[in-house]
>>> print(open('entry_9.txt').read())   # compact mmCIF, C-alpha atoms
# COMPACT_ATOMS: atom_id res chain seq x y z
CA MET A 1 -23.62 -57.44 -22.02
CA LEU A 2 -23.26 -53.92 -23.41
CA SER A 3 -24.56 -52.53 -20.13
CA ALA A 4 -21.97 -54.55 -18.21
CA ILE A 5 -19.16 -53.22 -20.39
CA LYS A 6 -20.28 -49.65 -19.84
CA ASN A 7 -20.53 -50.21 -16.09
CA SER A 8 -16.95 -51.49 -16.02
CA PHE A 9 -15.73 -48.01 -16.90
CA GLN A 10 -17.43 -46.38 -13.91
CA PRO A 11 -14.67 -47.09 -11.31
CA LEU A 12 -12.28 -45.21 -13.59
CA GLY A 13 -14.59 -42.22 -13.66
CA ILE A 14 -15.38 -42.61 -17.37
CA ASN A 15 -18.89 -41.83 -18.52
CA THR A 16 -19.31 -43.60 -21.87
CA LYS A 17 -22.50 -41.69 -22.70
CA GLN A 18 -20.62 -38.41 -23.12
CA TYR A 19 -18.69 -39.47 -26.25
CA GLY A 20 -21.71 -38.90 -28.44
CA ASP A 21 -22.24 -35.46 -26.93
CA THR A 22 -21.31 -32.43 -29.05
CA ARG A 23 -20.14 -30.69 -25.88
CA TRP A 24 -17.52 -33.43 -25.45
CA TRP A 25 -16.16 -33.21 -28.99
CA LEU A 26 -16.10 -29.41 -29.07
CA GLY A 27 -14.48 -29.27 -25.65
CA MET A 28 -11.80 -31.78 -26.67
CA LEU A 29 -11.18 -29.82 -29.87
CA LEU A 30 -10.72 -26.64 -27.86
CA VAL A 31 -8.19 -28.09 -25.38
CA VAL A 32 -6.26 -29.92 -28.12
CA VAL A 33 -5.90 -26.75 -30.20
CA LEU A 34 -4.75 -24.74 -27.17
CA ALA A 35 -2.38 -27.53 -26.14
CA GLY A 36 -0.91 -27.56 -29.65
CA GLY A 37 -0.31 -23.83 -29.37
CA SER A 38 1.35 -24.35 -25.99
CA VAL A 39 3.72 -26.98 -27.38
CA ALA A 40 4.60 -24.70 -30.31
CA LEU A 41 5.31 -21.78 -27.97
CA SER A 42 7.49 -24.00 -25.76
CA LYS A 43 9.77 -24.59 -28.78
CA LEU A 44 10.62 -20.90 -29.09
CA PRO A 45 14.21 -20.09 -28.06
CA ILE A 46 13.10 -17.56 -25.45
CA MET A 47 10.84 -20.12 -23.80
CA GLN A 48 13.50 -22.84 -23.88
CA SER A 49 16.12 -20.55 -22.36
CA ALA A 50 13.70 -19.75 -19.53
CA GLN A 51 12.91 -23.50 -19.12
CA PHE A 52 9.17 -22.86 -19.56
CA SER A 53 7.66 -26.21 -20.50
CA SER A 54 4.47 -26.70 -22.50
CA LEU A 55 2.73 -27.57 -19.19
CA THR A 56 3.49 -24.15 -17.72
CA ILE A 57 2.54 -22.36 -20.92
CA GLY A 58 -0.60 -24.48 -21.21
CA ILE A 59 -2.05 -23.48 -17.86
CA VAL A 60 -1.27 -19.79 -18.49
CA LEU A 61 -2.87 -19.93 -21.93
CA GLY A 62 -5.84 -21.79 -20.46
CA ILE A 63 -6.32 -19.17 -17.76
CA ILE A 64 -6.18 -16.36 -20.35
CA VAL A 65 -8.81 -18.00 -22.56
CA GLY A 66 -10.81 -19.22 -19.57
CA ASN A 67 -11.22 -15.70 -18.24
CA SER A 68 -12.05 -14.13 -21.59
CA VAL A 69 -13.88 -16.02 -24.35
CA PHE A 70 -14.47 -19.36 -22.63
CA SER A 71 -17.37 -18.09 -20.53
CA ARG A 72 -19.33 -17.56 -23.75
CA ILE A 73 -18.79 -21.12 -25.02
CA ALA A 74 -18.55 -23.01 -21.72
CA THR A 75 -22.00 -24.56 -21.97
CA ARG A 76 -21.12 -25.98 -25.41
CA THR A 77 -17.67 -27.35 -24.48
CA ASP A 78 -17.79 -28.22 -20.77
CA ALA A 79 -17.99 -32.02 -21.15
CA GLY A 80 -14.76 -32.25 -23.16
CA VAL A 81 -12.89 -29.78 -20.95
CA ASP A 82 -13.83 -31.64 -17.77
CA PHE A 83 -12.88 -34.98 -19.36
CA ALA A 84 -9.44 -33.60 -20.19
CA LYS A 85 -9.06 -32.20 -16.67
CA SER A 86 -9.81 -35.55 -15.02
CA ILE A 87 -9.42 -38.66 -17.19
CA LEU A 88 -6.62 -37.41 -19.44
CA LEU A 89 -4.78 -36.11 -16.40
CA LYS A 90 -4.80 -39.58 -14.82
CA ALA A 91 -3.67 -41.14 -18.11
CA GLY A 92 -0.82 -38.63 -18.23
CA VAL A 93 0.30 -39.53 -14.72
CA ILE A 94 0.29 -43.24 -15.60
CA LEU A 95 2.42 -42.73 -18.72
CA PHE A 96 4.80 -40.54 -16.71
CA GLY A 97 6.13 -43.84 -15.34
CA PHE A 98 7.82 -44.57 -18.68
CA ARG A 99 10.40 -41.90 -17.83
CA ILE A 100 11.75 -43.95 -14.93
CA THR A 101 13.53 -47.28 -14.50
CA PHE A 102 14.32 -49.23 -11.35
CA ALA A 103 17.97 -49.31 -12.49
CA GLN A 104 18.06 -45.50 -12.22
CA VAL A 105 16.80 -45.81 -8.68
CA ALA A 106 19.56 -48.31 -7.84
CA GLY A 107 22.12 -45.95 -9.38
CA VAL A 108 22.00 -43.49 -6.48
CA GLY A 109 21.99 -46.23 -3.84
CA TRP A 110 20.71 -46.15 -0.28
CA HIS A 111 22.19 -42.70 0.22
CA GLY A 112 19.98 -41.20 -2.47
CA LEU A 113 16.93 -43.20 -1.41
CA LEU A 114 17.13 -42.15 2.23
CA THR A 115 17.78 -38.52 1.27
CA ASP A 116 14.69 -38.40 -0.93
CA ILE A 117 12.48 -40.06 1.70
CA VAL A 118 13.58 -37.63 4.42
CA MET A 119 13.21 -34.61 2.13
CA LEU A 120 9.75 -35.68 0.89
CA LEU A 121 8.34 -36.36 4.35
CA GLY A 122 10.03 -33.36 5.94
CA THR A 123 8.84 -30.92 3.28
CA PHE A 124 5.28 -32.21 3.17
CA ILE A 125 4.84 -32.36 6.96
CA LEU A 126 6.26 -28.83 7.24
CA ALA A 127 3.84 -27.67 4.53
CA VAL A 128 0.83 -29.09 6.38
CA GLN A 129 1.90 -27.60 9.72
CA LEU A 130 2.77 -24.14 8.37
CA GLY A 131 -0.21 -24.00 6.01
CA LYS A 132 -2.82 -24.83 8.64
CA ARG A 133 -1.30 -23.39 11.82
CA VAL A 134 0.66 -20.34 10.66
CA PHE A 135 -0.88 -19.15 7.40
CA LYS A 136 -4.41 -20.48 8.12
CA LEU A 137 -4.79 -21.83 4.60
CA ASP A 138 -7.43 -24.38 3.64
CA GLU A 139 -6.35 -28.01 3.61
CA GLN A 140 -6.58 -28.52 -0.15
CA THR A 141 -4.29 -25.61 -0.99
CA THR A 142 -1.84 -26.67 1.71
CA ILE A 143 -1.68 -30.27 0.46
CA LEU A 144 -1.27 -29.24 -3.17
CA ILE A 145 1.58 -26.81 -2.43
CA GLY A 146 3.20 -29.40 -0.16
CA ALA A 147 2.97 -32.10 -2.84
CA GLY A 148 4.39 -29.84 -5.55
CA SER A 149 7.31 -28.72 -3.36
CA SER A 150 8.15 -32.13 -1.91
CA ILE A 151 7.90 -34.39 -4.98
CA CYS A 152 7.93 -33.25 -8.59
CA GLY A 153 6.34 -29.85 -9.05
CA ALA A 154 3.35 -29.36 -11.32
CA ALA A 155 3.04 -33.08 -12.12
CA ALA A 156 2.67 -33.89 -8.41
CA VAL A 157 0.13 -31.09 -7.96
CA MET A 158 -1.93 -32.42 -10.86
CA ALA A 159 -1.69 -36.02 -9.65
CA THR A 160 -2.78 -35.01 -6.15
CA GLU A 161 -5.83 -33.09 -7.39
CA PRO A 162 -8.08 -36.12 -8.11
CA VAL A 163 -7.15 -37.77 -4.80
CA ILE A 164 -8.30 -34.81 -2.68
CA LYS A 165 -10.84 -33.54 -5.26
CA ALA A 166 -9.38 -30.05 -5.18
CA GLN A 167 -10.96 -27.04 -6.86
CA ALA A 168 -9.35 -25.83 -10.11
CA HIS A 169 -8.22 -22.42 -8.83
CA LYS A 170 -6.42 -24.04 -5.88
CA VAL A 171 -4.51 -26.30 -8.26
CA SER A 172 -3.56 -23.25 -10.35
CA VAL A 173 -2.32 -21.42 -7.27
CA ALA A 174 -0.17 -24.39 -6.28
CA VAL A 175 1.26 -24.74 -9.79
CA ALA A 176 2.07 -21.02 -9.82
CA THR A 177 4.14 -21.34 -6.63
CA VAL A 178 6.07 -24.25 -8.18
CA VAL A 179 6.85 -22.17 -11.26
CA VAL A 180 8.03 -19.16 -9.23
CA PHE A 181 10.31 -20.90 -6.74
CA GLY A 182 11.36 -23.72 -9.06
CA THR A 183 12.54 -21.16 -11.61
CA LEU A 184 14.36 -19.23 -8.88
CA SER A 185 16.15 -22.37 -7.68
CA MET A 186 17.23 -23.16 -11.23
CA PHE A 187 19.37 -20.02 -11.25
CA ALA A 188 20.30 -19.88 -7.55
CA TYR A 189 21.72 -23.41 -7.12
CA PRO A 190 24.63 -23.12 -9.59
CA ILE A 191 25.67 -19.86 -7.91
CA MET A 192 25.56 -21.48 -4.46
CA PHE A 193 27.63 -24.47 -5.63
CA GLU A 194 30.90 -22.52 -5.32
CA TYR A 195 30.25 -21.86 -1.63
CA MET A 196 28.82 -25.23 -0.58
CA GLY A 197 31.98 -27.31 -0.53
CA LEU A 198 30.22 -30.23 -2.20
CA SER A 199 31.59 -32.58 -4.83
CA GLU A 200 29.81 -32.68 -8.17
CA HIS A 201 28.18 -36.00 -7.21
CA ALA A 202 27.01 -34.64 -3.83
CA TYR A 203 25.74 -31.48 -5.54
CA GLY A 204 23.77 -33.65 -7.97
CA ILE A 205 22.13 -35.50 -5.06
CA PHE A 206 21.33 -32.17 -3.42
CA VAL A 207 19.79 -30.74 -6.60
CA GLY A 208 17.74 -33.85 -7.37
CA SER A 209 16.38 -34.12 -3.84
CA THR A 210 15.35 -30.48 -3.43
CA ILE A 211 14.44 -28.76 -6.74
CA HIS A 212 10.81 -28.90 -7.87
CA GLU A 213 10.61 -29.78 -11.60
CA VAL A 214 12.62 -32.26 -13.66
CA ALA A 215 13.46 -29.58 -16.26
CA GLN A 216 14.70 -27.27 -13.52
CA VAL A 217 16.86 -30.08 -12.12
CA VAL A 218 18.42 -30.60 -15.54
CA ALA A 219 19.18 -26.89 -15.88
CA ALA A 220 20.69 -26.54 -12.38
CA GLY A 221 22.80 -29.69 -12.80
CA THR A 222 24.03 -28.92 -16.33
CA ALA A 223 25.16 -25.44 -15.22
CA VAL A 224 27.82 -27.15 -13.07
CA SER A 225 28.79 -30.25 -15.09
CA ALA A 226 27.45 -33.19 -17.07
CA ASN A 227 28.31 -35.52 -14.17
CA ALA A 228 26.35 -33.37 -11.73
CA ALA A 229 23.40 -33.27 -14.14
CA ASP A 230 23.33 -37.07 -14.57
CA THR A 231 23.36 -37.65 -10.81
CA ALA A 232 20.75 -34.95 -10.25
CA VAL A 233 18.34 -36.41 -12.82
CA ILE A 234 18.64 -39.95 -11.41
CA GLU A 235 18.03 -38.65 -7.89
CA LYS A 236 15.06 -36.67 -9.16
CA MET A 237 13.61 -39.70 -10.94
CA LEU A 238 13.78 -41.63 -7.69
CA ARG A 239 11.86 -38.80 -6.04
CA VAL A 240 9.29 -38.87 -8.85
CA MET A 241 8.81 -42.62 -8.32
CA MET A 242 7.73 -41.86 -4.75
CA LEU A 243 4.66 -40.11 -6.16
CA ALA A 244 2.65 -43.37 -6.26
CA PRO A 245 3.15 -44.45 -2.61
CA PHE A 246 2.61 -40.82 -1.59
CA LEU A 247 -0.79 -40.73 -3.33
CA VAL A 248 -1.83 -44.05 -1.79
CA GLY A 249 -0.78 -42.83 1.67
CA LEU A 250 -2.59 -39.53 1.11
CA SER A 251 -5.76 -41.38 0.10
CA PHE A 252 -5.52 -43.51 3.26
CA TRP A 253 -5.03 -40.38 5.42
CA GLN A 254 -7.97 -38.60 3.79
CA SER A 255 -10.29 -41.59 4.21
CA LYS A 256 -9.36 -42.02 7.88
CA LYS A 257 -9.91 -38.33 8.53
CA HIS A 258 -13.25 -38.38 6.73
CA ALA A 259 -14.34 -41.41 8.77
CA ASN A 260 -13.36 -39.76 12.06
CA ILE A 261 -15.37 -36.66 11.20
CA HIS A 262 -18.51 -38.53 10.18
CA ALA A 263 -18.25 -41.39 12.66
CA PRO A 264 -17.17 -40.10 16.10
CA GLY A 265 -15.72 -42.80 18.31
CA GLY A 266 -14.54 -44.85 15.32
CA GLU A 267 -17.75 -46.87 15.09
CA GLN A 268 -17.50 -47.10 11.31
CA LYS A 269 -14.62 -48.43 9.28
CA SER A 270 -13.01 -45.96 6.92
CA ARG A 271 -13.31 -46.63 3.20
CA ILE A 272 -9.90 -46.39 1.56
CA THR A 273 -10.01 -45.29 -2.06
CA ILE A 274 -6.89 -46.53 -3.82
CA PRO A 275 -5.83 -44.16 -6.64
CA TRP A 276 -5.39 -46.85 -9.29
CA PHE A 277 -3.69 -44.45 -11.66
CA ALA A 278 -0.86 -44.19 -9.11
CA VAL A 279 -0.53 -47.99 -9.00
CA LEU A 280 -0.48 -48.12 -12.81
CA PHE A 281 2.25 -45.45 -12.70
CA ILE A 282 4.46 -48.00 -10.90
CA VAL A 283 3.43 -50.71 -13.39
CA ALA A 284 4.51 -48.43 -16.25
CA SER A 285 7.86 -47.88 -14.53
CA GLY A 286 8.24 -51.64 -14.17
CA LEU A 287 7.57 -52.22 -17.87
CA HIS A 288 10.10 -49.55 -18.76
CA SER A 289 12.63 -51.18 -16.42
CA LEU A 290 12.22 -54.57 -18.12
CA SER A 291 13.03 -53.03 -21.52
CA VAL A 292 10.22 -55.01 -23.14
CA ILE A 293 9.20 -51.92 -25.11
CA PRO A 294 11.61 -50.65 -27.82
CA GLN A 295 13.33 -47.35 -27.05
CA GLY A 296 11.70 -45.69 -30.05
CA ALA A 297 8.26 -46.64 -28.76
CA THR A 298 9.17 -45.44 -25.26
CA ASN A 299 10.25 -42.07 -26.66
CA ALA A 300 6.92 -41.83 -28.49
CA ILE A 301 5.05 -42.65 -25.26
CA VAL A 302 6.95 -39.94 -23.36
CA TRP A 303 6.19 -37.45 -26.14
CA PHE A 304 2.50 -38.40 -26.10
CA ASP A 305 2.47 -38.18 -22.30
CA ASN A 306 3.74 -34.62 -22.48
CA ILE A 307 0.86 -33.84 -24.84
CA LEU A 308 -1.69 -35.39 -22.47
CA LEU A 309 -0.35 -33.46 -19.48
CA THR A 310 -0.35 -30.24 -21.51
CA ILE A 311 -3.98 -30.83 -22.52
CA ALA A 312 -4.87 -31.43 -18.86
CA MET A 313 -3.09 -28.22 -17.87
CA VAL A 314 -4.99 -26.25 -20.51
CA ALA A 315 -8.30 -27.69 -19.28
CA LEU A 316 -7.36 -26.80 -15.72
CA GLY A 317 -6.60 -23.24 -16.79
CA LEU A 318 -9.93 -22.96 -18.58
CA ARG A 319 -11.70 -23.88 -15.34
CA THR A 320 -9.65 -21.41 -13.26
CA HIS A 321 -11.10 -18.03 -12.38
CA VAL A 322 -8.64 -15.21 -11.78
CA GLY A 323 -10.91 -13.82 -9.08
CA ALA A 324 -10.50 -17.00 -7.05
CA ILE A 325 -6.70 -16.83 -7.38
CA ARG A 326 -6.73 -13.18 -6.36
CA GLN A 327 -8.88 -14.07 -3.37
CA ALA A 328 -6.25 -16.63 -2.25
CA GLY A 329 -3.91 -13.70 -1.60
CA ILE A 330 -0.23 -13.77 -0.68
CA LYS A 331 -0.40 -16.62 1.83
CA PRO A 332 0.10 -19.50 -0.64
CA LEU A 333 3.19 -17.74 -1.98
CA LEU A 334 4.52 -17.23 1.56
CA LEU A 335 4.01 -20.92 2.35
CA ALA A 336 5.82 -21.95 -0.83
CA GLY A 337 8.58 -19.47 0.02
CA CYS A 338 9.09 -21.04 3.45
CA LEU A 339 9.24 -24.49 1.85
CA PHE A 340 11.75 -23.16 -0.68
CA LEU A 341 14.02 -21.98 2.15
CA PHE A 342 13.65 -25.35 3.87
CA LEU A 343 14.55 -27.16 0.66
CA ILE A 344 17.75 -25.11 0.40
CA LEU A 345 18.89 -24.78 4.02
CA GLY A 346 17.27 -27.85 5.54
CA GLY A 347 17.98 -29.85 2.39
CA PHE A 348 21.67 -28.96 2.53
CA ALA A 349 21.88 -29.98 6.19
CA ILE A 350 20.01 -33.25 5.56
CA ASN A 351 22.15 -34.07 2.50
CA VAL A 352 25.39 -33.48 4.41
CA GLY A 353 24.13 -35.38 7.47
CA ILE A 354 23.02 -38.45 5.53
CA ALA A 355 26.26 -38.42 3.49
CA GLN A 356 28.15 -38.80 6.77
CA LEU A 357 26.29 -42.06 7.42
CA PHE A 358 27.45 -43.70 4.17
>>> encode(input="entry_9.txt", output="C-alpha cells")
Amino acid sequence: MLSAIKNSFQPLGINTKQYGDTRWWLGMLLVVVLAGGSVALSKLPIMQSAQFSSLTIGIVLGIIVGNSVFSRIATRTDAGVDFAKSILLKAGVILFGFRITFAQVAGVGWHGLLTDIVMLLGTFILAVQLGKRVFKLDEQTTILIGAGSSICGAAAVMATEPVIKAQAHKVSVAVATVVVFGTLSMFAYPIMFEYMGLSEHAYGIFVGSTIHEVAQVVAAGTAVSANAADTAVIEKMLRVMMLAPFLVGLSFWQSKKHANIHAPGGEQKSRITIPWFAVLFIVASGLHSLSVIPQGATNAIVWFDNILLTIAMVALGLRTHVGAIRQAGIKPLLLAGCLFLFLILGGFAINVGIAQLF
C-alpha cells in the first residue's frame, strides 16, 4: 500500500525519497532565505517605484549567489534547489489561477478576447520564425522568449520551462528580455497615449494585450487614468488565462515534432504529454470565479503564490551560470526587441482593426 502511494506521486515528478535527504532540507532552507530577502527588497520604495517585483529580484539574487558561493555548497543543497525549480514552480503556476475570474474575462467582451488571441498567436509565431530563421537561435530560447512576450512575461517563461525541459540559463535569458522591454514599455506607453488618438478604454485594451507583465500593465494604465488601468488589468488577466491552452498546445506540438524526428513516415503515434499543472491552473480560476473561497483566503493564496514563484525564481538563478548567458550573446535581446516593436506597432494596428469590427 505504501509503495502504491509513493508511486502515485511519480506522474507529478515528485520523488518522495528525497524528503529525508539533508540535501533537500538544506537546499530548501537556502532558497527560502534568499526568497525572503527578495520579498523584503521588493518592499523598498526604490524597488516599488521601478516596479521590480520579488520575482525579478529573486532571479538576480539567485544568479549572484549561484555564481559565487553556491558552487561550494551545491553538492549539499542540490536536491532542495532542484525541487524548488521544478515542483514549486508548477505549484506556483497553478495558484496563479486564483488571480483570475471568468467574470473578468467577460468584462472585456469578444473585442478583448479576439484581440488577445490575435496578439498571442501573432507574437509567438513571429518569435519562432525570427528566432530560428533570422537570428539562428536554438528552439528552447526562441520558445521561451516568444512565450514571455506573447502571454504574461516571466510567469509564462517559467511555466513553459517544464513543458519544453529548457536549460536554466536559457530561462534566465528569456526572463531578462522580459524585464528589459517590459520595463521600457511601462514608461513608453503613457507617453505615446497622447499621440494615439485612443479613448481611455481602447488604450486599456491596447496596454493589456501588448505589455509583458501584470505589474507593468498596472503602471502603464494608472499613468493615464483609473479607468484605463481597470480595463488594462482585465484584458491582461484574459491574456494570462490563455497560458493553460497555450501550454497544452505547445506540448502537443513538441510531441508531434519529436515523433516525426524519431519515426520517419509517421509509423508511430506521438505521445502527448498534458501539462496537468496548466489544467489545474484553469481549475483554480474556476474555483475563484465561483466565489466558494472567502476573499481573505484568496488574498492569502495569492500572497503565498507570490512566495512560491519567488522561491522558484531564486532556485532558477542558483542554477544559472553567467558564462552561459554571456555565450548566448546579443541575439536573444535583438529577438525580444523585434517582438517589442511588433507589440507596439503591430499591436496598435491590430487593436484599431479589431475595434472597427465591433
>>> residues_around(input="entry_9.txt", residues="Ile325 (chain A)", least_positions_apart="4", cutoff="7 Å", atoms="all atoms listed in the file", output="list in words")
His169, Val173 and His321 of chain A
>>> write_last_selection(input="entry_9.txt", atoms="C-alpha atoms", output="PDB file, in the frame of the given file")
ATOM      1  CA  HIS A 169      -8.220 -22.420  -8.830  1.00  0.00           C
ATOM      2  CA  VAL A 173      -2.320 -21.420  -7.270  1.00  0.00           C
ATOM      3  CA  HIS A 321     -11.100 -18.030 -12.380  1.00  0.00           C
TER       4      HIS A 321
END
>>> residues_around(input="entry_9.txt", residues="Phe52 (chain A)", least_positions_apart="5", cutoff="7 Å", atoms="only C-alpha atoms", output="PyMOL selection string")
chain A and resi 42+47+57
>>> residues_around(input="entry_9.txt", residues="region 229-246 of chain A", least_positions_apart="6", cutoff="6 Å", atoms="all atoms listed in the file", output="JSON, numbers by chain")
{"A": [104, 105, 116, 152, 204, 205, 207, 208, 218, 221, 222, 278]}
>>> atom_distance(input="entry_9.txt", atom1="CA of Ala188 (chain A)", atom2="CA of Lys170 (chain A)")
27.1 Å
>>> atom_distance(input="entry_9.txt", atom1="CA of Arg326 (chain A)", atom2="CA of Val128 (chain A)")
21.7 Å
>>> atom_distance(input="entry_9.txt", atom1="CA of Gln216 (chain A)", atom2="CA of Pro190 (chain A)")
11.5 Å
>>> residues_around(input="entry_9.txt", residues="Leu26 (chain A)", least_positions_apart="2", cutoff="9 Å", atoms="all atoms listed in the file", output="number ranges by chain")
A: 21-24, 28-31, 76-81
>>> closest_residue(input="entry_9.txt", among="A:Leu345, A:Leu316, A:Ala284, A:Pro332", to="Phe135 (chain A)", atoms="all atoms listed in the file")
A:Pro332
>>> closest_residue(input="entry_9.txt", among="A:Phe348, A:Ser149, A:Ser251, A:Gly317", to="Tyr195 (chain A)", atoms="only C-alpha atoms")
A:Phe348
>>> closest_residue(input="entry_9.txt", among="A:Gly27, A:Leu55, A:Ile330, A:Ser225", to="Val179 (chain A)", atoms="all atoms listed in the file")
A:Leu55
>>> build_atoms(input="entry_9.txt", residues="region 348-357 of chain A", atoms="all heavy atoms", output="mmCIF file, in the coordinates of the input")
data_model
loop_
_atom_site.group_PDB
_atom_site.id
_atom_site.type_symbol
_atom_site.label_atom_id
_atom_site.label_comp_id
_atom_site.auth_asym_id
_atom_site.auth_seq_id
_atom_site.Cartn_x
_atom_site.Cartn_y
_atom_site.Cartn_z
ATOM 1 N N PHE A 348 20.205 -28.891 2.482
ATOM 2 C CA PHE A 348 21.670 -28.960 2.530
ATOM 3 C C PHE A 348 22.129 -29.690 3.792
ATOM 4 O O PHE A 348 22.992 -30.572 3.745
ATOM 5 C CB PHE A 348 22.263 -27.544 2.508
ATOM 6 C CG PHE A 348 23.755 -27.503 2.633
ATOM 7 C CD1 PHE A 348 24.562 -27.880 1.565
ATOM 8 C CD2 PHE A 348 24.362 -27.099 3.815
ATOM 9 C CE1 PHE A 348 25.952 -27.852 1.688
ATOM 10 C CE2 PHE A 348 25.734 -27.071 3.944
ATOM 11 C CZ PHE A 348 26.528 -27.449 2.860
ATOM 12 N N ALA A 349 21.526 -29.340 4.936
ATOM 13 C CA ALA A 349 21.880 -29.980 6.190
ATOM 14 C C ALA A 349 21.578 -31.484 6.176
ATOM 15 O O ALA A 349 22.376 -32.320 6.616
ATOM 16 C CB ALA A 349 21.159 -29.304 7.360
ATOM 17 N N ILE A 350 20.421 -31.842 5.633
ATOM 18 C CA ILE A 350 20.010 -33.250 5.560
ATOM 19 C C ILE A 350 20.928 -34.024 4.616
ATOM 20 O O ILE A 350 21.346 -35.143 4.894
ATOM 21 C CB ILE A 350 18.541 -33.358 5.119
ATOM 22 C CG1 ILE A 350 17.633 -32.871 6.250
ATOM 23 C CG2 ILE A 350 18.190 -34.802 4.731
ATOM 24 C CD1 ILE A 350 16.178 -32.708 5.856
ATOM 25 N N ASN A 351 21.251 -33.422 3.462
ATOM 26 C CA ASN A 351 22.150 -34.070 2.500
ATOM 27 C C ASN A 351 23.521 -34.336 3.105
ATOM 28 O O ASN A 351 24.081 -35.432 2.979
ATOM 29 C CB ASN A 351 22.305 -33.199 1.257
ATOM 30 C CG ASN A 351 21.301 -33.532 0.169
ATOM 31 O OD1 ASN A 351 21.598 -34.247 -0.784
ATOM 32 N ND2 ASN A 351 20.084 -33.020 0.317
ATOM 33 N N VAL A 352 24.069 -33.333 3.789
ATOM 34 C CA VAL A 352 25.390 -33.480 4.410
ATOM 35 C C VAL A 352 25.331 -34.515 5.542
ATOM 36 O O VAL A 352 26.217 -35.366 5.671
ATOM 37 C CB VAL A 352 25.906 -32.131 4.944
ATOM 38 C CG1 VAL A 352 27.172 -32.316 5.772
ATOM 39 C CG2 VAL A 352 26.172 -31.181 3.788
ATOM 40 N N GLY A 353 24.265 -34.453 6.336
ATOM 41 C CA GLY A 353 24.130 -35.380 7.470
ATOM 42 C C GLY A 353 24.019 -36.821 7.025
ATOM 43 O O GLY A 353 24.681 -37.713 7.578
ATOM 44 N N ILE A 354 23.183 -37.078 6.010
ATOM 45 C CA ILE A 354 23.020 -38.450 5.530
ATOM 46 C C ILE A 354 24.298 -38.940 4.841
ATOM 47 O O ILE A 354 24.659 -40.121 4.947
ATOM 48 C CB ILE A 354 21.810 -38.521 4.582
ATOM 49 C CG1 ILE A 354 20.515 -38.306 5.371
ATOM 50 C CG2 ILE A 354 21.766 -39.861 3.843
ATOM 51 C CD1 ILE A 354 19.255 -38.314 4.544
ATOM 52 N N ALA A 355 25.001 -38.025 4.144
ATOM 53 C CA ALA A 355 26.260 -38.420 3.490
ATOM 54 C C ALA A 355 27.273 -38.929 4.505
ATOM 55 O O ALA A 355 28.094 -39.790 4.190
ATOM 56 C CB ALA A 355 26.810 -37.237 2.706
ATOM 57 N N GLN A 356 27.222 -38.374 5.727
ATOM 58 C CA GLN A 356 28.150 -38.800 6.770
ATOM 59 C C GLN A 356 27.886 -40.239 7.224
ATOM 60 O O GLN A 356 28.761 -40.901 7.767
ATOM 61 C CB GLN A 356 28.031 -37.855 7.985
ATOM 62 C CG GLN A 356 28.388 -36.420 7.709
ATOM 63 C CD GLN A 356 29.843 -36.244 7.289
ATOM 64 O OE1 GLN A 356 30.719 -36.887 7.851
ATOM 65 N NE2 GLN A 356 30.082 -35.358 6.335
ATOM 66 N N LEU A 357 26.649 -40.723 7.001
ATOM 67 C CA LEU A 357 26.290 -42.060 7.420
ATOM 68 C C LEU A 357 26.763 -43.127 6.438
ATOM 69 O O LEU A 357 26.834 -44.313 6.781
ATOM 70 C CB LEU A 357 24.768 -42.187 7.560
ATOM 71 C CG LEU A 357 24.100 -41.257 8.587
ATOM 72 C CD1 LEU A 357 22.588 -41.423 8.517
ATOM 73 C CD2 LEU A 357 24.606 -41.541 9.985
#
